[in-house]
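S.K.: Just structure-v2.cif, nothing more (mmCIF, C-alpha atoms):
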```cif
data_query
loop_
_atom_site.group_PDB
_atom_site.id
_atom_site.type_symbol
_atom_site.label_atom_id
_atom_site.label_comp_id
_atom_site.auth_asym_id
_atom_site.auth_seq_id
_atom_site.Cartn_x
_atom_site.Cartn_y
_atom_site.Cartn_z
ATOM 1 C CA MET A 25 35.229 -26.260 -17.705
ATOM 2 C CA THR A 26 32.962 -29.307 -17.918
ATOM 3 C CA THR A 27 30.581 -29.541 -20.800
ATOM 4 C CA PRO A 28 26.907 -29.070 -19.975
ATOM 5 C CA LEU A 29 26.207 -32.354 -21.793
ATOM 6 C CA ASP A 30 28.246 -34.355 -19.275
ATOM 7 C CA PRO A 31 25.853 -37.075 -18.075
ATOM 8 C CA MET A 32 27.449 -36.875 -14.647
ATOM 9 C CA ASP A 33 26.303 -33.248 -14.446
ATOM 10 C CA ASP A 34 22.756 -34.354 -15.170
ATOM 11 C CA ALA A 35 23.009 -37.054 -12.553
ATOM 12 C CA LEU A 36 24.447 -34.601 -10.063
ATOM 13 C CA GLY A 37 21.696 -32.065 -10.715
ATOM 14 C CA ARG A 38 19.079 -34.780 -10.287
ATOM 15 C CA LEU A 39 20.674 -36.012 -7.080
ATOM 16 C CA LEU A 40 20.811 -32.526 -5.596
ATOM 17 C CA ARG A 41 17.224 -31.716 -6.514
ATOM 18 C CA GLN A 42 15.943 -35.048 -5.200
ATOM 19 C CA ASN A 43 17.621 -34.470 -1.873
ATOM 20 C CA ARG A 44 17.042 -30.773 -1.415
ATOM 21 C CA ALA A 45 15.295 -29.639 1.777
ATOM 22 C CA ASP A 46 11.755 -28.605 0.957
ATOM 23 C CA SER A 47 10.560 -27.416 4.327
ATOM 24 C CA PHE A 48 11.663 -26.046 7.634
ATOM 25 C CA ALA A 49 10.847 -27.666 10.955
ATOM 26 C CA PRO A 50 7.096 -28.152 11.557
ATOM 27 C CA PHE A 51 4.869 -25.124 12.250
ATOM 28 C CA PHE A 52 7.092 -22.751 10.286
ATOM 29 C CA VAL A 53 4.119 -20.682 9.124
ATOM 30 C CA GLY A 54 2.977 -20.297 12.717
ATOM 31 C CA ARG A 55 6.433 -19.196 13.815
ATOM 32 C CA VAL A 56 6.577 -16.560 11.097
ATOM 33 C CA MET A 57 3.114 -15.231 11.919
ATOM 34 C CA THR A 58 3.878 -15.144 15.652
ATOM 35 C CA ARG A 59 7.117 -13.306 15.019
ATOM 36 C CA LEU A 60 5.301 -10.899 12.751
ATOM 37 C CA GLU A 61 2.878 -10.073 15.555
ATOM 38 C CA ARG A 62 5.677 -9.580 18.045
ATOM 39 C CA ALA A 63 8.126 -7.912 15.689
ATOM 40 C CA PRO A 64 8.895 -4.414 16.878
ATOM 41 C CA GLU A 65 8.516 -1.731 14.281
ATOM 42 C CA SER A 66 11.675 -1.132 12.324
ATOM 43 C CA LEU A 67 14.168 1.489 13.526
ATOM 44 C CA ALA A 68 13.410 3.673 10.519
ATOM 45 C CA THR A 69 9.681 3.589 11.236
ATOM 46 C CA ALA A 70 10.263 4.298 14.925
ATOM 47 C CA LEU A 71 12.590 7.213 14.160
ATOM 48 C CA ASN A 72 10.165 8.539 11.574
ATOM 49 C CA GLY A 73 7.414 8.791 14.175
ATOM 50 C CA LEU A 74 9.764 10.244 16.778
ATOM 51 C CA PHE A 75 11.140 12.903 14.434
ATOM 52 C CA ARG A 76 7.657 13.906 13.358
ATOM 53 C CA ARG A 77 6.713 14.608 16.981
ATOM 54 C CA LEU A 78 10.047 16.342 17.603
ATOM 55 C CA ALA A 79 9.650 18.486 14.502
ATOM 56 C CA LEU A 80 6.186 19.551 15.628
ATOM 57 C CA ALA A 81 7.410 20.399 19.132
ATOM 58 C CA GLY A 82 10.418 22.248 17.674
ATOM 59 C CA ALA A 83 8.255 24.292 15.312
ATOM 60 C CA LEU A 84 5.973 25.214 18.211
ATOM 61 C CA ALA A 85 8.949 26.286 20.339
ATOM 62 C CA VAL A 86 10.324 28.406 17.487
ATOM 63 C CA ALA A 87 6.958 30.082 17.005
ATOM 64 C CA LEU A 88 6.643 30.790 20.734
ATOM 65 C CA LEU A 89 10.150 32.248 20.929
ATOM 66 C CA ALA A 90 9.468 34.422 17.877
ATOM 67 C CA VAL A 91 6.270 35.748 19.446
ATOM 68 C CA TYR A 92 8.121 36.363 22.716
ATOM 69 C CA ASN A 93 10.898 38.218 20.874
ATOM 70 C CA VAL A 94 8.406 40.403 19.024
ATOM 71 C CA THR A 95 6.449 41.292 22.157
ATOM 72 C CA ASP A 96 9.654 41.818 24.166
ATOM 73 C CA ALA A 97 11.077 44.052 21.454
ATOM 74 C CA ALA A 98 7.883 46.107 21.371
ATOM 75 C CA ALA A 99 8.052 46.578 25.124
ATOM 76 C CA THR A 100 11.707 47.699 25.152
ATOM 77 C CA ALA A 101 11.863 49.576 21.877
ATOM 78 C CA ASP A 102 11.938 53.019 23.431
ATOM 79 C CA GLY A 103 15.173 54.774 22.630
ATOM 80 C CA GLU A 104 16.687 51.862 20.727
ATOM 81 C CA PRO A 105 17.504 51.978 17.012
ATOM 82 C CA VAL A 106 14.834 50.609 14.713
ATOM 83 C CA ARG A 107 15.373 46.937 13.949
ATOM 84 C CA SER A 108 14.213 44.887 11.006
ATOM 85 C CA THR A 109 11.426 42.324 11.355
ATOM 86 C CA LEU A 110 13.923 39.459 11.029
ATOM 87 C CA GLU A 111 16.157 40.954 13.716
ATOM 88 C CA THR A 112 13.164 41.365 15.953
ATOM 89 C CA VAL A 113 11.844 37.825 15.409
ATOM 90 C CA LEU A 114 15.268 36.248 15.945
ATOM 91 C CA ALA A 115 16.140 38.669 18.751
ATOM 92 C CA LEU A 116 19.357 39.663 17.028
ATOM 93 C CA PRO A 117 21.195 42.602 18.579
ATOM 94 C CA SER A 118 21.181 45.730 16.534
ATOM 95 C CA LEU A 119 24.646 45.854 15.048
ATOM 96 C CA GLY A 120 26.014 48.942 13.353
ATOM 97 C CA LEU A 121 29.529 49.718 12.174
ATOM 98 C CA ASP A 122 30.461 51.352 15.501
ATOM 99 C CA ALA A 123 29.322 48.302 17.458
ATOM 100 C CA ALA A 124 31.207 45.980 15.147
ATOM 101 C CA VAL A 125 34.508 47.852 15.460
ATOM 102 C CA ALA A 126 34.245 48.822 19.107
ATOM 103 C CA PRO A 127 35.425 45.555 20.715
ATOM 104 C CA VAL A 128 38.478 45.494 18.473
ATOM 105 C CA ALA A 129 39.439 49.032 19.423
ATOM 106 C CA ALA A 130 38.914 48.222 23.119
ATOM 107 C CA ASP A 131 41.492 45.456 22.894
ATOM 108 C CA PHE A 132 44.258 47.978 22.318
ATOM 109 C CA THR A 133 44.314 50.004 25.473
ATOM 110 C CA GLU A 134 46.911 52.654 25.969
ATOM 111 C CA ALA A 135 48.702 50.507 28.556
ATOM 112 C CA GLU A 136 49.354 47.814 26.028
ATOM 113 C CA LEU A 137 50.717 50.122 23.388
ATOM 114 C CA PRO A 138 54.505 50.566 23.262
ATOM 115 C CA MET B 15 -10.403 -19.488 11.862
ATOM 116 C CA THR B 16 -11.532 -20.259 8.330
ATOM 117 C CA PRO B 17 -8.926 -19.314 5.727
ATOM 118 C CA THR B 18 -10.163 -16.679 3.313
ATOM 119 C CA VAL B 19 -7.834 -17.759 0.508
ATOM 120 C CA THR B 20 -7.525 -20.787 -1.729
ATOM 121 C CA PRO B 21 -4.529 -22.118 -3.677
ATOM 122 C CA ALA B 22 -6.112 -20.790 -6.868
ATOM 123 C CA VAL B 23 -5.660 -17.197 -5.760
ATOM 124 C CA PRO B 24 -2.663 -15.686 -7.592
ATOM 125 C CA ASP B 25 0.235 -14.212 -5.623
ATOM 126 C CA GLU B 26 -0.628 -10.680 -6.741
ATOM 127 C CA ALA B 27 -4.097 -10.936 -5.219
ATOM 128 C CA LEU B 28 -2.687 -12.392 -2.003
ATOM 129 C CA ILE B 29 -0.207 -9.529 -1.787
ATOM 130 C CA ALA B 30 -2.977 -6.986 -2.269
ATOM 131 C CA GLN B 31 -4.968 -8.669 0.517
ATOM 132 C CA ALA B 32 -1.892 -8.832 2.763
ATOM 133 C CA ARG B 33 -1.237 -5.121 2.172
ATOM 134 C CA ASP B 34 -4.721 -4.478 3.523
ATOM 135 C CA GLY B 35 -3.784 -6.356 6.669
ATOM 136 C CA ASP B 36 -5.229 -9.773 5.793
ATOM 137 C CA ARG B 37 -3.172 -12.147 7.914
ATOM 138 C CA ASP B 38 -4.584 -15.261 6.273
ATOM 139 C CA ALA B 39 -3.419 -13.997 2.909
ATOM 140 C CA PHE B 40 0.101 -13.488 4.190
ATOM 141 C CA SER B 41 0.212 -16.872 5.907
ATOM 142 C CA GLU B 42 -0.852 -18.392 2.583
ATOM 143 C CA ILE B 43 2.093 -16.616 0.918
ATOM 144 C CA VAL B 44 4.405 -18.102 3.560
ATOM 145 C CA ARG B 45 2.903 -21.571 3.105
ATOM 146 C CA ARG B 46 3.130 -21.326 -0.672
ATOM 147 C CA HIS B 47 6.763 -20.232 -0.813
ATOM 148 C CA GLU B 48 8.208 -22.005 2.217
ATOM 149 C CA SER B 49 9.752 -24.765 0.101
ATOM 150 C CA ARG B 50 11.757 -22.396 -2.115
ATOM 151 C CA VAL B 51 12.974 -20.346 0.837
ATOM 152 C CA ALA B 52 13.798 -23.551 2.755
ATOM 153 C CA ALA B 53 15.775 -24.943 -0.179
ATOM 154 C CA THR B 54 17.759 -21.706 -0.299
ATOM 155 C CA ALA B 55 18.365 -21.174 3.420
ATOM 156 C CA ILE B 56 18.987 -24.843 4.278
ATOM 157 C CA GLY B 57 21.103 -25.257 1.160
ATOM 158 C CA MET B 58 23.266 -22.355 2.274
ATOM 159 C CA LEU B 59 23.345 -22.914 6.037
ATOM 160 C CA GLY B 60 22.486 -26.559 6.519
ATOM 161 C CA ASN B 61 19.488 -27.803 8.455
ATOM 162 C CA THR B 62 20.210 -25.519 11.374
ATOM 163 C CA VAL B 63 18.442 -23.101 13.684
ATOM 164 C CA GLU B 64 20.104 -20.277 11.762
ATOM 165 C CA ALA B 65 18.541 -21.494 8.519
ATOM 166 C CA ASP B 66 15.109 -21.502 10.170
ATOM 167 C CA ASP B 67 15.786 -18.017 11.489
ATOM 168 C CA VAL B 68 16.846 -16.805 8.054
ATOM 169 C CA GLY B 69 13.649 -18.334 6.647
ATOM 170 C CA GLN B 70 11.516 -16.446 9.158
ATOM 171 C CA GLU B 71 13.435 -13.214 8.651
ATOM 172 C CA THR B 72 12.997 -13.550 4.882
ATOM 173 C CA PHE B 73 9.226 -13.470 5.236
ATOM 174 C CA ILE B 74 9.300 -10.743 7.901
ATOM 175 C CA ARG B 75 11.317 -8.538 5.548
ATOM 176 C CA PHE B 76 9.004 -9.343 2.684
ATOM 177 C CA HIS B 77 6.046 -8.335 4.849
ATOM 178 C CA ARG B 78 7.726 -5.011 5.662
ATOM 179 C CA ALA B 79 8.415 -4.473 1.972
ATOM 180 C CA LEU B 80 4.907 -5.322 0.774
ATOM 181 C CA ASP B 81 4.119 -1.707 -0.040
ATOM 182 C CA LYS B 82 7.308 -1.392 -2.092
ATOM 183 C CA PHE B 83 6.876 -4.686 -3.957
ATOM 184 C CA ARG B 84 5.951 -3.771 -7.526
ATOM 185 C CA GLY B 85 5.892 -7.268 -8.970
ATOM 186 C CA GLU B 86 8.771 -6.647 -11.376
ATOM 187 C CA SER B 87 10.093 -10.061 -10.392
ATOM 188 C CA SER B 88 8.042 -12.980 -9.136
ATOM 189 C CA VAL B 89 7.416 -13.345 -5.411
ATOM 190 C CA GLU B 90 9.515 -16.500 -5.471
ATOM 191 C CA THR B 91 12.495 -14.736 -7.038
ATOM 192 C CA TYR B 92 12.131 -11.797 -4.653
ATOM 193 C CA LEU B 93 12.021 -14.119 -1.631
ATOM 194 C CA THR B 94 14.958 -16.168 -2.918
ATOM 195 C CA ARG B 95 16.993 -12.993 -3.291
ATOM 196 C CA ILE B 96 16.244 -11.967 0.299
ATOM 197 C CA ALA B 97 16.978 -15.480 1.559
ATOM 198 C CA ILE B 98 20.299 -15.794 -0.254
ATOM 199 C CA ASN B 99 21.459 -12.368 0.945
ATOM 200 C CA LEU B 100 20.454 -13.100 4.534
ATOM 201 C CA SER B 101 22.204 -16.475 4.317
ATOM 202 C CA LEU B 102 25.399 -14.884 3.027
ATOM 203 C CA ASN B 103 25.197 -12.320 5.844
ATOM 204 C CA GLU B 104 24.738 -15.131 8.346
ATOM 205 C CA ILE B 105 27.792 -16.910 6.951
ATOM 206 C CA LYS B 106 29.813 -13.698 7.310
ATOM 207 C CA ARG B 107 28.567 -13.369 10.884
ATOM 208 C CA ARG B 108 29.563 -16.964 11.601
ATOM 209 C CA LYS B 109 32.986 -16.361 10.096
ATOM 210 C CA ARG B 110 33.524 -13.410 12.345
ATOM 211 C CA TRP B 111 32.740 -15.369 15.468
ATOM 212 C CA THR B 112 33.962 -18.869 14.720
ATOM 213 C CA ARG B 113 36.850 -20.214 12.719
ATOM 214 C CA LEU B 114 36.462 -23.925 12.497
ATOM 215 C CA SER B 115 39.637 -25.676 11.485
ATOM 216 C CA TRP B 116 38.348 -28.672 9.604
ATOM 217 C CA SER B 117 37.612 -28.833 5.907
ATOM 218 C CA HIS B 118 36.890 -31.545 3.409
ATOM 219 C CA SER B 119 39.900 -30.799 1.248
ATOM 220 C CA GLY B 120 42.549 -28.195 0.709
ATOM 221 C CA ASP B 121 41.653 -27.235 -2.845
ATOM 222 C CA GLY B 122 40.653 -23.688 -1.996
ATOM 223 C CA GLU B 123 36.968 -24.196 -2.686
ATOM 224 C CA THR B 124 36.242 -25.089 0.885
ATOM 225 C CA ASP B 125 35.832 -22.295 3.325
ATOM 226 C CA PRO B 126 36.663 -23.338 6.859
ATOM 227 C CA GLY B 127 34.670 -21.388 9.376
ATOM 228 C CA THR B 128 31.483 -21.536 7.392
ATOM 229 C CA THR B 129 30.860 -25.253 7.466
ATOM 230 C CA VAL B 130 29.130 -26.652 10.506
ATOM 231 C CA VAL B 131 27.496 -29.803 9.171
ATOM 232 C CA PRO B 132 29.288 -32.876 10.514
ATOM 233 C CA GLU B 133 30.258 -35.608 8.079
ATOM 234 C CA PRO B 134 27.527 -38.260 7.960
ATOM 235 C CA SER B 135 28.646 -41.676 9.150
ATOM 236 C CA VAL B 136 27.685 -43.621 6.038
ATOM 237 C CA ASP B 137 29.721 -46.429 4.527
ATOM 238 C CA GLY B 138 28.037 -47.690 1.383
ATOM 239 C CA ALA B 139 25.651 -45.986 -1.010
ATOM 240 C CA GLU B 140 23.457 -49.061 -1.286
ATOM 241 C CA GLU B 141 22.858 -49.083 2.466
ATOM 242 C CA MET B 142 21.703 -45.495 2.668
ATOM 243 C CA ASP B 143 18.150 -44.549 3.321
ATOM 244 C CA GLU B 144 16.576 -41.355 2.092
ATOM 245 C CA ARG B 145 17.522 -39.336 5.165
ATOM 246 C CA GLU B 146 21.143 -40.423 5.083
ATOM 247 C CA ARG B 147 21.392 -39.633 1.402
ATOM 248 C CA ALA B 148 19.960 -36.165 2.013
ATOM 249 C CA GLU B 149 22.449 -35.651 4.847
ATOM 250 C CA LEU B 150 25.345 -36.643 2.637
ATOM 251 C CA VAL B 151 24.199 -34.299 -0.132
ATOM 252 C CA GLN B 152 23.781 -31.491 2.402
ATOM 253 C CA TRP B 153 27.228 -32.204 3.795
ATOM 254 C CA ALA B 154 28.748 -32.108 0.331
ATOM 255 C CA ILE B 155 27.116 -28.745 -0.427
ATOM 256 C CA ALA B 156 28.213 -27.392 2.949
ATOM 257 C CA GLY B 157 31.776 -28.283 2.007
ATOM 258 C CA LEU B 158 31.752 -25.660 -0.731
ATOM 259 C CA ALA B 159 32.872 -22.118 -0.087
ATOM 260 C CA PRO B 160 29.888 -19.742 0.250
ATOM 261 C CA GLU B 161 30.295 -18.135 -3.170
ATOM 262 C CA PHE B 162 30.298 -21.575 -4.843
ATOM 263 C CA ARG B 163 27.499 -22.802 -2.619
ATOM 264 C CA ALA B 164 25.303 -19.828 -3.541
ATOM 265 C CA VAL B 165 25.679 -20.650 -7.229
ATOM 266 C CA VAL B 166 24.885 -24.330 -6.645
ATOM 267 C CA VAL B 167 21.856 -23.494 -4.504
ATOM 268 C CA LEU B 168 20.416 -21.061 -7.031
ATOM 269 C CA ARG B 169 21.397 -22.824 -10.227
ATOM 270 C CA LEU B 170 21.094 -26.515 -9.369
ATOM 271 C CA LEU B 171 18.780 -26.685 -6.355
ATOM 272 C CA ASN B 172 16.367 -23.920 -7.300
ATOM 273 C CA GLY B 173 16.705 -24.259 -11.050
ATOM 274 C CA TYR B 174 17.388 -20.612 -11.869
ATOM 275 C CA SER B 175 19.012 -19.796 -15.182
ATOM 276 C CA THR B 176 22.602 -18.606 -15.372
ATOM 277 C CA ALA B 177 21.370 -15.070 -16.075
ATOM 278 C CA GLU B 178 18.979 -15.094 -13.105
ATOM 279 C CA THR B 179 21.683 -16.493 -10.844
ATOM 280 C CA ALA B 180 24.123 -13.832 -12.005
ATOM 281 C CA GLU B 181 21.563 -11.095 -11.399
ATOM 282 C CA THR B 182 20.636 -12.382 -7.948
ATOM 283 C CA LEU B 183 24.269 -12.579 -6.845
ATOM 284 C CA SER B 184 25.309 -9.411 -8.726
ATOM 285 C CA ILE B 185 28.142 -11.199 -10.514
ATOM 286 C CA PRO B 186 28.891 -11.704 -14.233
ATOM 287 C CA GLN B 187 27.407 -14.749 -15.972
ATOM 288 C CA GLY B 188 30.915 -15.992 -16.752
ATOM 289 C CA THR B 189 31.673 -16.083 -13.038
ATOM 290 C CA VAL B 190 28.494 -18.081 -12.436
ATOM 291 C CA LEU B 191 29.564 -20.613 -15.051
ATOM 292 C CA SER B 192 33.121 -20.959 -13.773
ATOM 293 C CA ARG B 193 31.996 -21.276 -10.152
ATOM 294 C CA LEU B 194 29.355 -23.785 -11.158
ATOM 295 C CA SER B 195 31.875 -25.844 -13.073
ATOM 296 C CA ARG B 196 34.340 -25.973 -10.183
ATOM 297 C CA ALA B 197 31.579 -26.693 -7.689
ATOM 298 C CA GLN B 198 30.240 -29.496 -9.873
ATOM 299 C CA GLN B 199 33.673 -31.063 -10.101
ATOM 300 C CA LYS B 200 34.045 -31.028 -6.361
ATOM 301 C CA LEU B 201 30.513 -32.302 -5.724
ATOM 302 C CA LYS B 202 31.018 -35.120 -8.222
ATOM 303 C CA ARG B 203 34.142 -36.182 -6.355
ATOM 304 C CA THR B 204 32.455 -35.972 -2.956
ATOM 305 C CA LEU B 205 29.238 -37.647 -4.055
ATOM 306 C CA SER B 206 30.765 -40.188 -6.426
ATOM 307 C CA PRO B 207 29.457 -43.209 -4.438
ATOM 308 C CA LEU B 208 25.923 -41.886 -4.749
ATOM 309 C CA LEU B 209 26.317 -40.902 -8.395
ATOM 310 C CA GLU B 210 27.705 -44.296 -9.336
ATOM 311 C CA ALA B 211 24.809 -45.993 -7.565
ATOM 312 C CA THR B 212 22.214 -44.084 -9.602
#
```
Could you render the structure as structure tokens?
M.R.:
Amino acid sequence: MTTPLDPMDDALGRLLRQNRADSFAPFFVGRVMTRLERAPESLATALNGLFRRLALAGALAVALLAVYNVTDAAATADGEPVRSTLETVLALPSLGLDAAVAPVAADFTEAELP
Amino acid sequence: MTPTVTPAVPDEALIAQARDGDRDAFSEIVRRHESRVAATAIGMLGNTVEADDVGQETFIRFHRALDKFRGESSVETYLTRIAINLSLNEIKRRKRWTRLSWSHSGDGETDPGTTVVPEPSVDGAEEMDERERAELVQWAIAGLAPEFRAVVVLRLLNGYSTAETAETLSIPQGTVLSRLSRAQQKLKRTLSPLLEAT
């Protein structure tokens, strides 16, 4: 490693500093400002705006579907088992133990049994 | 349009004005710090279109980051950091696309594929004018591998301390010193005619 007191190092540092580029081509400031005006918004900013609109539209759609499910459930409730509010809002089918087991039992028909 | 700022206005005030959408304030920031960014970008990439582009992009990114800039480091240091990172990215991009075969020497400090500055056609140091001397210096710096060049640009051209250089490049101070030492040795060899003339 060269010593920092090496006079050649001083001379080199001086030479480099004396000959360093201090400016870009003319009208650099103008080029930056023009590019700034034309620069499209960043991807993150663009996506941020897009997702905000999408989130709003999605929330509206969810609310509309929930209202539809509630009104539809009220209209067709006659004779059906009572469902919870969540089941009604999400339009989930009423699922009891019989309903859960039934498809499994149906798979084993007598014809398939040995 | 009459500028609304004067050189006496501190950077912090200009940034506050620029945050409020004052274009004159931001153009004053660009004007004020062009030389440091130019020294960094041109030092790293040579006097090329890419260096100019990196210079512009540096200020564009700074403008986008105005709201996040807390003033923990000076504007100059912040801009230099952006410029050096963009320059290193540009060098990586160049390396991906072009692999130039020539190099100044085979000592491992030269990185072929990153050097695009042609050797200046200069015979004697005493005959050189200012432009030729600057070209030769630029050529010598361009002959260094990017990691050595970055240290030279920050430490010798921009005058940052070893600690600041290490922080900017995210490397240990010992690495800065060893890279600087090797780069200096190579530059002294390359620029010996100029150094002997001074």
S.K.: Could you jot down the CA of Glu64 (chain B) to CA of Leu158 (chain B) separation for me, Å, one decimal place?
M.R.: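 We find that CA of Glu64 (chain B) and CA of Leu158 (chain B) lie 17.9 Å from each other.
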S.K.: Hey, could you make a per-residue contact list for chain A against chain B with 6 Å as the cut-off, showing the nearest pair of atoms and its distance in Å to one decimal, counting all atoms listed in the file, sorted by chain and number, as a tab-separated table?
M.R.:
```
residue	atom	partner	partner_atom	distance
A:Met25	CA	B:Ser195	CA	5.7
A:Gly37	CA	B:Leu170	CA	5.7
A:Arg41	CA	B:Leu171	CA	5.3
A:Asn43	CA	B:Ala148	CA	4.8
A:Ala45	CA	B:Ala53	CA	5.1
A:Asp46	CA	B:Ser49	CA	4.4
A:Ser47	CA	B:Ser49	CA	5.1
A:Phe48	CA	B:Ala52	CA	5.9
A:Val56	CA	B:Gln70	CA	5.3
```
S.K.: Keeping only C-alpha atoms, write the selected residues as a short mmCIF file (atom, residue, chain, number, x, y, z; two decimals), in the coordinates of the input.
M.R.:
```
data_model
loop_
_atom_site.label_atom_id
_atom_site.label_comp_id
_atom_site.auth_asym_id
_atom_site.auth_seq_id
_atom_site.Cartn_x
_atom_site.Cartn_y
_atom_site.Cartn_z
CA MET A 25 35.23 -26.26 -17.70
CA GLY A 37 21.70 -32.06 -10.72
CA ARG A 41 17.22 -31.72 -6.51
CA ASN A 43 17.62 -34.47 -1.87
CA ALA A 45 15.30 -29.64 1.78
CA ASP A 46 11.76 -28.60 0.96
CA SER A 47 10.56 -27.42 4.33
CA PHE A 48 11.66 -26.05 7.63
CA VAL A 56 6.58 -16.56 11.10
#
```
S.K.: Which residue gives the smallest distance to Ala30 (chain B) among B:Trp111, B:Trp153, B:Phe83, B:Tyr174, with all atoms listed in the file counted?
M.R.: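 The shortest atom-to-atom distance to Ala30 (chain B) comes from B:Phe83.
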S.K.: To one decimal in Å, tell me the separation between CA of Arg108 (chain B) and CA of Phe162 (chain B).
M.R.: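 Answer for the CA of Arg108 (chain B) to CA of Phe162 (chain B) separation: 17.1 Å.
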S.K.: One number please: CA of Pro24 (chain B) to CA of Ser87 (chain B), in Å, one decimal.
M.R.: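 Taking CA of Pro24 (chain B) and CA of Ser87 (chain B), their separation equals 14.2 Å.
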S.K.: Could you give me, as a PyMOL selection string, the residues within 10 Å of region 79-89 of chain A, counting all atoms listed in the file and dropping anything in the same chain fewer than 4 positions from it?
M.R.: chain A and resi 73-75+93-95+113-115
